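Q: I'd like to ask some things about the structure below.
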Amino acid sequence: MKQFTYQDTLRASYLGYVTQAIINNFAPLLFLIFRDSFNIPLEQMTLLITINFLTQLVVDMLAINFVDRIGYKICIVAAHIFAAVGILGLGVFPLLTDHKFLALLAAVMTYAVGGGLIEVLISPIVEAAPTGNKASSMSLLHSFYCWGMVLVVVFSTLFLHVFGSQSWNILAGIWALFVIGNAFYYSQVPIAMLTQEGDSMTVKALFSMKTFWIFIVLMISAGASEQAMAQWSSAFAESGLGISKTVGDLLGPTMFAILMGLARVFYAKYSERIDLLSFITGSGVLCIASYLLVVFAPNPVLSLVGSAICGLSVGILWPGVFSIAAQSIPKGGTALFAILALAGDIGCAVGPSIVGGVAGLFSENLKYGFIVATVFPILLVTFSFIYRYRQQVRSLLVRT
């Protein structure tokens with residue numbers, strides 16, 4: 001019988017982030033199908049995004065109290081089971097009732113429970129594994145979210161193109177099988193705890209630190225900057241730029257995800273030569289520019305280029321903030337990752353919701369939503385400068 005090692009733990013974690021990519025990106029590819037099949041308007045579809053991330057947010061918050069007591073392994077396997085049931089439910093639940101939107105909402109809430117646990121658990125699982133260069137490992141880990149997003153978009157788009165849009169519920173079943181497979185893989189691998197019981201900081205102690213609040217703002221801004229574009233790039237390419245669904249999905253979300261993944265792989269490879277905070281700040285500036293290009297570009301091709309550049313710009317934000325926070329607060333433990341994931345999910349919920357809500361006020365013109373969402377990368381750049389300033393002041397005080 002095969003002896004599983006911590007390399008298998010890393011591989012299961014990589015696949016876990018592919019699962020997270022399915023959770024966050026599969027349903028948005030079906031928004032226009034849902035609209036046409038179930039007569040659900042785009043403004044109402046925004047609620048599916050919001051509920052997904054709000055549910056993950058609640059799970060992030062609750063997980064602080066039970067993950068360490070139950071153990072990482074039981075929780076991560078349960079996360080995948082919830083995710084599989086919810087993803088399968090996208091295709092099955094609407095067949096069981098006339099209340100199509102409520103059925104979709106139930107499916108989203110179910111897989112969001114799994115998504116919340118995955119977001120809380122996988123980063124500390126990798127951080128606790130006995131491997132070197134944690135910042136590099138964290139960036140490589142999060143790159144698999146991007147490759148998962150590419151896989152979800154490309155496979156789903158081609159599947160629907162070949163078998164027709166009416167086959168979307170079968171596609172949901174295929175993705176659910178993938179998730180169940182990784183649940184079994186996780187059940188077999190060794191998993192270490194991040195800190196010993198009683199050795200990590202309390203939640204109260206974390207919230208008493210001013211630096212921790214800076215990380216919270218950075219995570220909210222990172223999540224919103226990423227998902228405001230990622231969740232709406234497919235619909236924007238099709239309805240806003242007049243491009244077919246197949247081409248729009250391949251050029252919109254796919255290029256976004258590829259460049260986001262390349263940014264993370266690049267940092268993983270060259271992390272020892274790069275100042276992470278400077279990389280995050282520069283990426284935030286590039287993100288602002290990409291949003292402005294999407295909105296103000298004179299032709300659709302340049303708008304798609306802007307969307308792709310946005311993927312490149314947000315690549316390092318989420319894993320980078322995690323890494324800096326782990327280095328800055330080494331005793332943070334599971335609570336640190338859980339609260340930062342919670343903050344990131346707040347951003348993931350707020351960003352796309354603002355884009356969809358503002359677009360609804362302007363005849364579903366998503367460009368107006370993207371204009372407002374530019375505030376998030378601006379916040380990120382501002383608070384990264386604030387963090388650097390505080391670190392420089394602290395360093396000067398230590399020397400004196």
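Ordering of the structure tokens sets the chain letters (A, B, ...), residue numbers begin anew at 1 in every chain, and ligands are numbered from 1 in the order given.
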DSSP on the backbone: what in segment 103-349 of chain A comes out alpha helix (DSSP H), as a ChimeraX atom specification?

A: /A:103-128,134-163,168-188,203-207,210-230,233-235,245-251,253-270,276-296,300-314,317-328,333-349

Q: Report the closest atom pair, with its distance in Å rounded to one decimal, for each residue of segment 228-340 of chain A that has an atom no farther than 10 Å from segment 136-147 of chain A; count only C-alpha atoms, sort by chain and then rising residue number, and write it as CSV.

A:
```
residue,atom,partner,partner_atom,distance
A:Thr254,CA,A:Cys146,CA,9.0
A:Phe256,CA,A:Cys146,CA,8.6
A:Ala257,CA,A:Cys146,CA,4.9
A:Ile258,CA,A:Cys146,CA,6.4
A:Leu259,CA,A:Cys146,CA,8.3
A:Met260,CA,A:Cys146,CA,6.2
A:Gly261,CA,A:Ser143,CA,4.6
A:Leu262,CA,A:Ser143,CA,7.4
A:Ala263,CA,A:Ser143,CA,8.1
A:Arg264,CA,A:Ser139,CA,5.2
A:Val265,CA,A:Leu140,CA,5.6
A:Phe266,CA,A:Leu140,CA,8.8
A:Tyr267,CA,A:Ser139,CA,6.7
A:Ala268,CA,A:Ser136,CA,4.1
A:Lys269,CA,A:Ser136,CA,6.9
A:Tyr270,CA,A:Ser136,CA,8.2
A:Ser271,CA,A:Ser136,CA,6.0
A:Glu272,CA,A:Ser136,CA,8.4
A:Gly311,CA,A:Cys146,CA,9.2
A:Gly315,CA,A:Ser143,CA,7.9
A:Ile316,CA,A:Ser139,CA,7.1
A:Leu317,CA,A:Ser139,CA,9.6
A:Trp318,CA,A:His142,CA,8.2
A:Pro319,CA,A:Ser139,CA,5.5
A:Gly320,CA,A:Ser139,CA,7.1
A:Phe322,CA,A:Met138,CA,8.1
A:Ser323,CA,A:Met138,CA,7.0
```

Q: Include C-alpha atoms and write out the residues we just selected as a PDB file, in the first residue's frame.

A:
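That gives us out-v1.pdb:
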```pdb
ATOM      1  CA  THR A 254      -9.182  32.575 -19.075  1.00  0.00           C
ATOM      2  CA  PHE A 256      -7.317  36.827 -16.433  1.00  0.00           C
ATOM      3  CA  ALA A 257      -6.605  33.534 -14.673  1.00  0.00           C
ATOM      4  CA  ILE A 258      -3.518  32.628 -16.733  1.00  0.00           C
ATOM      5  CA  LEU A 259      -1.813  35.940 -16.023  1.00  0.00           C
ATOM      6  CA  MET A 260      -2.832  35.787 -12.361  1.00  0.00           C
ATOM      7  CA  GLY A 261      -1.262  32.337 -12.125  1.00  0.00           C
ATOM      8  CA  LEU A 262       1.908  33.413 -13.936  1.00  0.00           C
ATOM      9  CA  ALA A 263       2.362  36.277 -11.463  1.00  0.00           C
ATOM     10  CA  ARG A 264       2.192  33.791  -8.577  1.00  0.00           C
ATOM     11  CA  VAL A 265       4.550  31.293 -10.214  1.00  0.00           C
ATOM     12  CA  PHE A 266       6.969  34.125 -11.028  1.00  0.00           C
ATOM     13  CA  TYR A 267       7.108  35.189  -7.400  1.00  0.00           C
ATOM     14  CA  ALA A 268       7.412  31.574  -6.216  1.00  0.00           C
ATOM     15  CA  LYS A 269      10.472  31.136  -8.427  1.00  0.00           C
ATOM     16  CA  TYR A 270      12.193  34.438  -7.719  1.00  0.00           C
ATOM     17  CA  SER A 271      10.918  35.179  -4.206  1.00  0.00           C
ATOM     18  CA  GLU A 272      14.397  35.350  -2.675  1.00  0.00           C
ATOM     19  CA  GLY A 311      -5.302  39.199 -13.567  1.00  0.00           C
ATOM     20  CA  GLY A 315      -1.857  37.607  -8.653  1.00  0.00           C
ATOM     21  CA  ILE A 316       0.390  38.291  -5.687  1.00  0.00           C
ATOM     22  CA  LEU A 317      -2.099  40.244  -3.554  1.00  0.00           C
ATOM     23  CA  TRP A 318      -3.916  37.485  -1.628  1.00  0.00           C
ATOM     24  CA  PRO A 319      -0.991  35.056  -1.043  1.00  0.00           C
ATOM     25  CA  GLY A 320       1.401  37.970  -0.542  1.00  0.00           C
ATOM     26  CA  PHE A 322      -0.963  36.039   3.871  1.00  0.00           C
ATOM     27  CA  SER A 323       2.816  35.583   3.772  1.00  0.00           C
TER      28      SER A 323
END
```

Q: Find the spatial neighbours of Leu340 of chain A, counting only C-alpha atoms, within a cut-off of 12 Å - ignore same-chain residues fewer than 6 positions away - and output them as a PyMOL selection string.

A: chain A and resi 57+60-61+64+116+119-121+123-124+203+206-207+212-223+318-326+332-334+346-347

Q: Would you write out those residues with N, CA and C atoms, as a tab-separated table (two decimals), in the first residue's frame?

A:
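Contents of again02.tsv, as written:
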```
chain	number	residue	atom	x	y	z
A	57	LEU	N	-17.75	33.80	4.38
A	57	LEU	CA	-17.35	34.72	5.44
A	57	LEU	C	-17.82	34.22	6.80
A	60	ASP	N	-15.79	31.24	7.78
A	60	ASP	CA	-14.47	31.69	8.22
A	60	ASP	C	-14.51	32.10	9.70
A	61	MET	N	-15.56	32.85	10.05
A	61	MET	CA	-15.69	33.38	11.40
A	61	MET	C	-15.93	32.26	12.41
A	64	ILE	N	-12.91	29.67	13.44
A	64	ILE	CA	-11.92	30.04	14.45
A	64	ILE	C	-12.15	29.24	15.73
A	116	GLY	N	-15.60	28.16	2.33
A	116	GLY	CA	-15.12	28.88	3.51
A	116	GLY	C	-14.10	28.06	4.29
A	119	GLU	N	-10.77	27.85	2.39
A	119	GLU	CA	-9.99	29.09	2.48
A	119	GLU	C	-9.30	29.21	3.82
A	120	VAL	N	-9.96	28.76	4.88
A	120	VAL	CA	-9.38	28.82	6.22
A	120	VAL	C	-8.27	27.80	6.39
A	121	LEU	N	-8.42	26.61	5.81
A	121	LEU	CA	-7.57	25.48	6.16
A	121	LEU	C	-6.34	25.27	5.29
A	123	SER	N	-4.20	27.13	3.51
A	123	SER	CA	-2.98	27.91	3.74
A	123	SER	C	-2.26	27.48	5.01
A	124	PRO	N	-2.92	27.34	6.17
A	124	PRO	CA	-2.19	26.85	7.34
A	124	PRO	C	-1.72	25.40	7.21
A	203	VAL	N	-7.87	35.58	19.65
A	203	VAL	CA	-8.50	36.51	18.71
A	203	VAL	C	-8.47	37.93	19.27
A	206	LEU	N	-5.08	39.45	18.75
A	206	LEU	CA	-4.87	39.83	17.36
A	206	LEU	C	-5.54	41.16	17.05
A	207	PHE	N	-6.78	41.31	17.47
A	207	PHE	CA	-7.51	42.53	17.16
A	207	PHE	C	-6.99	43.75	17.93
A	212	PHE	N	-2.36	44.32	12.64
A	212	PHE	CA	-3.33	43.32	12.19
A	212	PHE	C	-4.49	43.98	11.43
A	213	TRP	N	-4.93	45.15	11.88
A	213	TRP	CA	-6.00	45.87	11.19
A	213	TRP	C	-5.56	46.31	9.79
A	214	ILE	N	-4.29	46.63	9.64
A	214	ILE	CA	-3.79	46.96	8.31
A	214	ILE	C	-3.90	45.75	7.39
A	215	PHE	N	-3.55	44.57	7.92
A	215	PHE	CA	-3.67	43.35	7.11
A	215	PHE	C	-5.13	43.07	6.74
A	216	ILE	N	-6.04	43.37	7.64
A	216	ILE	CA	-7.46	43.17	7.34
A	216	ILE	C	-7.89	44.04	6.16
A	217	VAL	N	-7.51	45.32	6.18
A	217	VAL	CA	-7.85	46.22	5.08
A	217	VAL	C	-7.20	45.75	3.78
A	218	LEU	N	-5.95	45.30	3.88
A	218	LEU	CA	-5.25	44.80	2.69
A	218	LEU	C	-5.96	43.58	2.11
A	219	MET	N	-6.44	42.68	2.97
A	219	MET	CA	-7.12	41.48	2.48
A	219	MET	C	-8.48	41.81	1.87
A	220	ILE	N	-9.22	42.74	2.49
A	220	ILE	CA	-10.50	43.16	1.90
A	220	ILE	C	-10.25	43.76	0.52
A	221	SER	N	-9.25	44.61	0.42
A	221	SER	CA	-8.95	45.26	-0.85
A	221	SER	C	-8.48	44.25	-1.89
A	222	ALA	N	-7.67	43.27	-1.46
A	222	ALA	CA	-7.18	42.25	-2.38
A	222	ALA	C	-8.32	41.40	-2.93
A	223	GLY	N	-9.20	40.94	-2.04
A	223	GLY	CA	-10.34	40.12	-2.48
A	223	GLY	C	-11.26	40.88	-3.41
A	318	TRP	N	-3.37	38.36	-2.68
A	318	TRP	CA	-3.92	37.49	-1.63
A	318	TRP	C	-2.82	36.66	-0.96
A	319	PRO	N	-2.04	35.85	-1.72
A	319	PRO	CA	-0.99	35.06	-1.04
A	319	PRO	C	0.10	35.93	-0.45
A	320	GLY	N	0.37	37.09	-1.06
A	320	GLY	CA	1.40	37.97	-0.54
A	320	GLY	C	1.05	38.53	0.82
A	321	VAL	N	-0.20	38.97	0.98
A	321	VAL	CA	-0.64	39.50	2.28
A	321	VAL	C	-0.61	38.38	3.32
A	322	PHE	N	-1.04	37.18	2.96
A	322	PHE	CA	-0.96	36.04	3.87
A	322	PHE	C	0.47	35.83	4.36
A	323	SER	N	1.43	35.86	3.43
A	323	SER	CA	2.82	35.58	3.77
A	323	SER	C	3.39	36.66	4.68
A	324	ILE	N	3.14	37.93	4.35
A	324	ILE	CA	3.66	39.02	5.19
A	324	ILE	C	3.04	38.96	6.58
A	325	ALA	N	1.75	38.66	6.65
A	325	ALA	CA	1.08	38.58	7.94
A	325	ALA	C	1.65	37.43	8.77
A	326	ALA	N	1.91	36.28	8.15
A	326	ALA	CA	2.46	35.14	8.87
A	326	ALA	C	3.86	35.45	9.40
A	332	GLY	N	0.29	33.90	15.27
A	332	GLY	CA	-1.12	34.11	14.92
A	332	GLY	C	-1.93	32.83	14.82
A	333	GLY	N	-1.28	31.73	14.39
A	333	GLY	CA	-1.95	30.44	14.32
A	333	GLY	C	-3.10	30.40	13.34
A	334	THR	N	-4.01	29.44	13.57
A	334	THR	CA	-5.17	29.27	12.70
A	334	THR	C	-6.06	30.51	12.70
A	346	ILE	N	-14.91	39.07	2.66
A	346	ILE	CA	-15.71	40.30	2.67
A	346	ILE	C	-15.45	41.08	1.38
A	347	GLY	N	-14.18	41.19	1.02
A	347	GLY	CA	-13.84	41.86	-0.23
A	347	GLY	C	-14.40	41.15	-1.44
```

Q: Could you list, as a list in words, every residue within 10 Å of Pro130 of chain A, counting only C-alpha atoms and ignoring same-chain residues fewer than 5 positions away?

A: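 Close residues of Pro130 of chain A: Tyr6, Gln7 and Ala192 of chain A.
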
Q: Only C-alpha atoms, please: the residues just picked out, written as a short mmCIF file (atom, residue, chain, number, x, y, z; two decimals), in the first residue's frame.

A:
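Result file follows (out_0.cif):
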```
data_model
loop_
_atom_site.label_atom_id
_atom_site.label_comp_id
_atom_site.auth_asym_id
_atom_site.auth_seq_id
_atom_site.Cartn_x
_atom_site.Cartn_y
_atom_site.Cartn_z
CA TYR A 6 3.88 15.60 2.94
CA GLN A 7 4.48 15.94 -0.79
CA ALA A 192 0.42 18.77 10.69
#
```

Q: One decimal, Å: what's the distance from atom CA of Val126 of chain A over to atom CA of Cys348 of chain A, could you say?

A: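 Between atom CA of Val126 of chain A and atom CA of Cys348 of chain A the gap works out to 22.4 Å.
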
Q: Pick out the residues sitting within 8 Å of segment 374-386 of chain A, and hand them over as number ranges by chain; count only C-alpha atoms, and ignore anything fewer than 5 positions along from it in its own chain.

A: A: 214, 217-218, 221-222, 224-225, 277, 280-282, 284-285, 287-288, 291-292, 351

Q: Print the selection's residues with C-alpha atoms to a file, as a short mmCIF file (atom, residue, chain, number, x, y, z; two decimals), in the first residue's frame.

A:
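Okay, this is what ended up in part.cif:
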```cif
data_model
loop_
_atom_site.label_atom_id
_atom_site.label_comp_id
_atom_site.auth_asym_id
_atom_site.auth_seq_id
_atom_site.Cartn_x
_atom_site.Cartn_y
_atom_site.Cartn_z
CA ILE A 214 -3.79 46.96 8.31
CA VAL A 217 -7.85 46.22 5.08
CA LEU A 218 -5.25 44.80 2.69
CA SER A 221 -8.95 45.26 -0.85
CA ALA A 222 -7.18 42.25 -2.38
CA ALA A 224 -12.46 42.93 -3.91
CA SER A 225 -9.86 43.94 -6.53
CA LEU A 277 5.84 44.38 -0.06
CA ILE A 280 2.38 44.03 -3.73
CA THR A 281 2.42 47.83 -3.94
CA GLY A 282 3.50 47.84 -7.59
CA GLY A 284 -1.79 47.50 -6.79
CA VAL A 285 -0.75 50.41 -9.01
CA CYS A 287 -4.41 47.01 -10.93
CA ILE A 288 -5.65 50.61 -10.85
CA TYR A 291 -9.43 48.93 -14.27
CA LEU A 292 -9.13 52.32 -15.94
CA GLY A 351 -16.40 43.93 -4.88
#
```

Q: Give me the residues within 12 Å of Ile122 of chain A as an MDAnalysis selection string, counting only C-alpha atoms and dropping any in the same chain fewer than 6 places off.

A: chainID A and resid 9:20 67 72:73 75:77 79:80 114:116 128:129 137:138 141:142 144:145 186 191:194 319 322 334 337:338 341

Q: Excluding segment 157-159 of chain A and residues on its chain fewer than 3 positions from it, collect all residues at most 12 Å away from it, counting only C-alpha atoms, and give them as a PyMOL selection string.

A: chain A and resi 25-26+28-30+149-154+162-172+174-175+234+244-254

Q: Go ahead and write the residues just picked, N, CA, C and O atoms, as a compact mmCIF listing (two decimals), in the first residue's frame.

A:
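That gives us again26.txt:
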```
# COMPACT_ATOMS: atom_id res chain seq x y z
N ASN A 25 -15.94 30.13 -9.56
CA ASN A 25 -15.97 30.54 -10.96
C ASN A 25 -16.88 29.74 -11.87
O ASN A 25 -17.13 30.16 -13.00
N PHE A 26 -17.38 28.60 -11.42
CA PHE A 26 -18.24 27.80 -12.29
C PHE A 26 -19.60 28.45 -12.50
O PHE A 26 -20.04 28.67 -13.64
N PRO A 28 -20.69 31.62 -12.23
CA PRO A 28 -20.74 32.83 -13.06
C PRO A 28 -20.70 32.55 -14.56
O PRO A 28 -21.23 33.33 -15.35
N LEU A 29 -20.10 31.43 -14.98
CA LEU A 29 -20.09 31.08 -16.39
C LEU A 29 -21.50 30.74 -16.89
O LEU A 29 -21.77 30.77 -18.09
N LEU A 30 -22.38 30.41 -15.94
CA LEU A 30 -23.74 29.99 -16.30
C LEU A 30 -24.77 31.10 -16.10
O LEU A 30 -25.96 30.87 -16.31
N MET A 149 -8.97 27.90 -12.19
CA MET A 149 -9.89 28.80 -12.86
C MET A 149 -9.80 28.63 -14.38
O MET A 149 -10.83 28.59 -15.08
N VAL A 150 -8.57 28.50 -14.90
CA VAL A 150 -8.39 28.26 -16.33
C VAL A 150 -9.06 26.95 -16.73
O VAL A 150 -9.79 26.87 -17.74
N LEU A 151 -8.81 25.90 -15.94
CA LEU A 151 -9.41 24.60 -16.22
C LEU A 151 -10.93 24.68 -16.23
O LEU A 151 -11.59 24.15 -17.13
N VAL A 152 -11.49 25.36 -15.21
CA VAL A 152 -12.94 25.48 -15.12
C VAL A 152 -13.51 26.21 -16.33
O VAL A 152 -14.48 25.77 -16.96
N VAL A 153 -12.90 27.33 -16.68
CA VAL A 153 -13.42 28.14 -17.78
C VAL A 153 -13.27 27.43 -19.12
O VAL A 153 -14.23 27.33 -19.89
N VAL A 154 -12.07 26.91 -19.39
CA VAL A 154 -11.82 26.29 -20.70
C VAL A 154 -12.63 25.02 -20.86
O VAL A 154 -13.34 24.83 -21.87
N VAL A 162 -19.67 22.09 -27.22
CA VAL A 162 -19.81 20.81 -27.93
C VAL A 162 -21.17 20.17 -27.67
O VAL A 162 -21.84 19.69 -28.59
N PHE A 163 -21.59 20.15 -26.41
CA PHE A 163 -22.80 19.42 -26.03
C PHE A 163 -24.04 20.31 -25.87
O PHE A 163 -25.13 19.81 -25.62
N GLY A 164 -23.84 21.62 -26.00
CA GLY A 164 -24.98 22.53 -25.93
C GLY A 164 -25.21 23.06 -24.52
O GLY A 164 -24.86 22.41 -23.53
N SER A 165 -25.79 24.25 -24.44
CA SER A 165 -25.99 24.90 -23.14
C SER A 165 -26.94 24.12 -22.24
O SER A 165 -26.90 24.26 -21.01
N GLN A 166 -27.78 23.25 -22.82
CA GLN A 166 -28.72 22.48 -22.01
C GLN A 166 -28.01 21.38 -21.22
O GLN A 166 -28.61 20.75 -20.33
N SER A 167 -26.72 21.16 -21.47
CA SER A 167 -25.98 20.10 -20.78
C SER A 167 -25.26 20.62 -19.53
O SER A 167 -24.46 19.90 -18.93
N TRP A 168 -25.58 21.85 -19.10
CA TRP A 168 -24.84 22.45 -17.98
C TRP A 168 -25.00 21.67 -16.68
O TRP A 168 -24.09 21.65 -15.85
N ASN A 169 -26.17 21.00 -16.49
CA ASN A 169 -26.34 20.24 -15.24
C ASN A 169 -25.47 18.98 -15.22
O ASN A 169 -25.02 18.55 -14.15
N ILE A 170 -25.20 18.40 -16.38
CA ILE A 170 -24.27 17.27 -16.45
C ILE A 170 -22.86 17.74 -16.11
O ILE A 170 -22.11 17.06 -15.40
N LEU A 171 -22.52 18.91 -16.61
CA LEU A 171 -21.22 19.50 -16.32
C LEU A 171 -21.02 19.70 -14.81
O LEU A 171 -19.94 19.45 -14.28
N ALA A 172 -22.07 20.11 -14.14
CA ALA A 172 -21.99 20.27 -12.68
C ALA A 172 -21.65 18.94 -12.00
O ALA A 172 -20.86 18.89 -11.04
N ILE A 174 -19.89 16.49 -13.30
CA ILE A 174 -18.49 16.17 -13.58
C ILE A 174 -17.57 16.88 -12.58
O ILE A 174 -16.65 16.28 -12.02
N TRP A 175 -17.84 18.16 -12.35
CA TRP A 175 -17.01 18.91 -11.39
C TRP A 175 -17.18 18.36 -9.97
O TRP A 175 -16.22 18.33 -9.19
N SER A 234 -16.66 37.53 -17.76
CA SER A 234 -17.36 36.76 -18.79
C SER A 234 -18.60 37.51 -19.28
O SER A 234 -18.80 37.69 -20.49
N SER A 244 -19.11 36.82 -28.60
CA SER A 244 -19.84 35.59 -28.34
C SER A 244 -19.42 35.00 -27.01
O SER A 244 -18.32 35.26 -26.51
N LYS A 245 -20.30 34.17 -26.41
CA LYS A 245 -20.01 33.60 -25.09
C LYS A 245 -18.73 32.77 -25.11
O LYS A 245 -17.89 32.89 -24.22
N THR A 246 -18.56 31.92 -26.13
CA THR A 246 -17.38 31.05 -26.18
C THR A 246 -16.11 31.88 -26.25
O THR A 246 -15.17 31.68 -25.47
N VAL A 247 -16.07 32.84 -27.17
CA VAL A 247 -14.87 33.68 -27.32
C VAL A 247 -14.70 34.56 -26.09
O VAL A 247 -13.59 34.75 -25.58
N GLY A 248 -15.80 35.09 -25.57
CA GLY A 248 -15.73 35.96 -24.40
C GLY A 248 -15.17 35.25 -23.18
O GLY A 248 -14.34 35.78 -22.46
N ASP A 249 -15.61 34.00 -22.95
CA ASP A 249 -15.11 33.23 -21.81
C ASP A 249 -13.63 32.91 -21.95
O ASP A 249 -12.87 32.96 -20.99
N LEU A 250 -13.21 32.57 -23.17
CA LEU A 250 -11.82 32.20 -23.39
C LEU A 250 -10.89 33.40 -23.31
O LEU A 250 -9.76 33.30 -22.81
N LEU A 251 -11.35 34.56 -23.79
CA LEU A 251 -10.50 35.74 -23.78
C LEU A 251 -10.63 36.56 -22.50
O LEU A 251 -9.72 37.29 -22.14
N GLY A 252 -11.77 36.43 -21.80
CA GLY A 252 -11.98 37.19 -20.58
C GLY A 252 -11.44 36.47 -19.36
O GLY A 252 -10.29 36.67 -18.95
N PRO A 253 -12.23 35.59 -18.73
CA PRO A 253 -11.79 34.90 -17.51
C PRO A 253 -10.53 34.06 -17.70
O PRO A 253 -9.71 33.97 -16.78
N THR A 254 -10.34 33.45 -18.89
CA THR A 254 -9.18 32.57 -19.07
C THR A 254 -7.88 33.35 -19.05
O THR A 254 -6.93 32.98 -18.35
```

Q: Which one of A:Ser278, A:Ser290, A:Thr110, A:Ser363 sits closest to Arg388 of chain A if you count only C-alpha atoms?

A: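 Among the listed residues, the smallest separation from Arg388 of chain A belongs to A:Ser278.
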
Q: Which of these residues is nearest to Ala21 of chain A, using only C-alpha atoms: A:Gln231, A:Asn39, A:Ser328, A:Thr202?

A: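 Answer, going by the shortest atom-to-atom distance: A:Gln231.
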
Q: For atom CA of Phe31 of chain A and atom CA of Ile81 of chain A, quote the distance in Å rounded to one decimal.

A: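 Separation of atom CA of Phe31 of chain A and atom CA of Ile81 of chain A: 24.1 Å.
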
Q: Here is a test: counting only C-alpha atoms, which residue of A:Thr46, A:Phe34, A:Gln391, A:Pro41 is nearest to Gly357 of chain A?

A: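 Distance minimum relative to Gly357 of chain A lands on A:Thr46.
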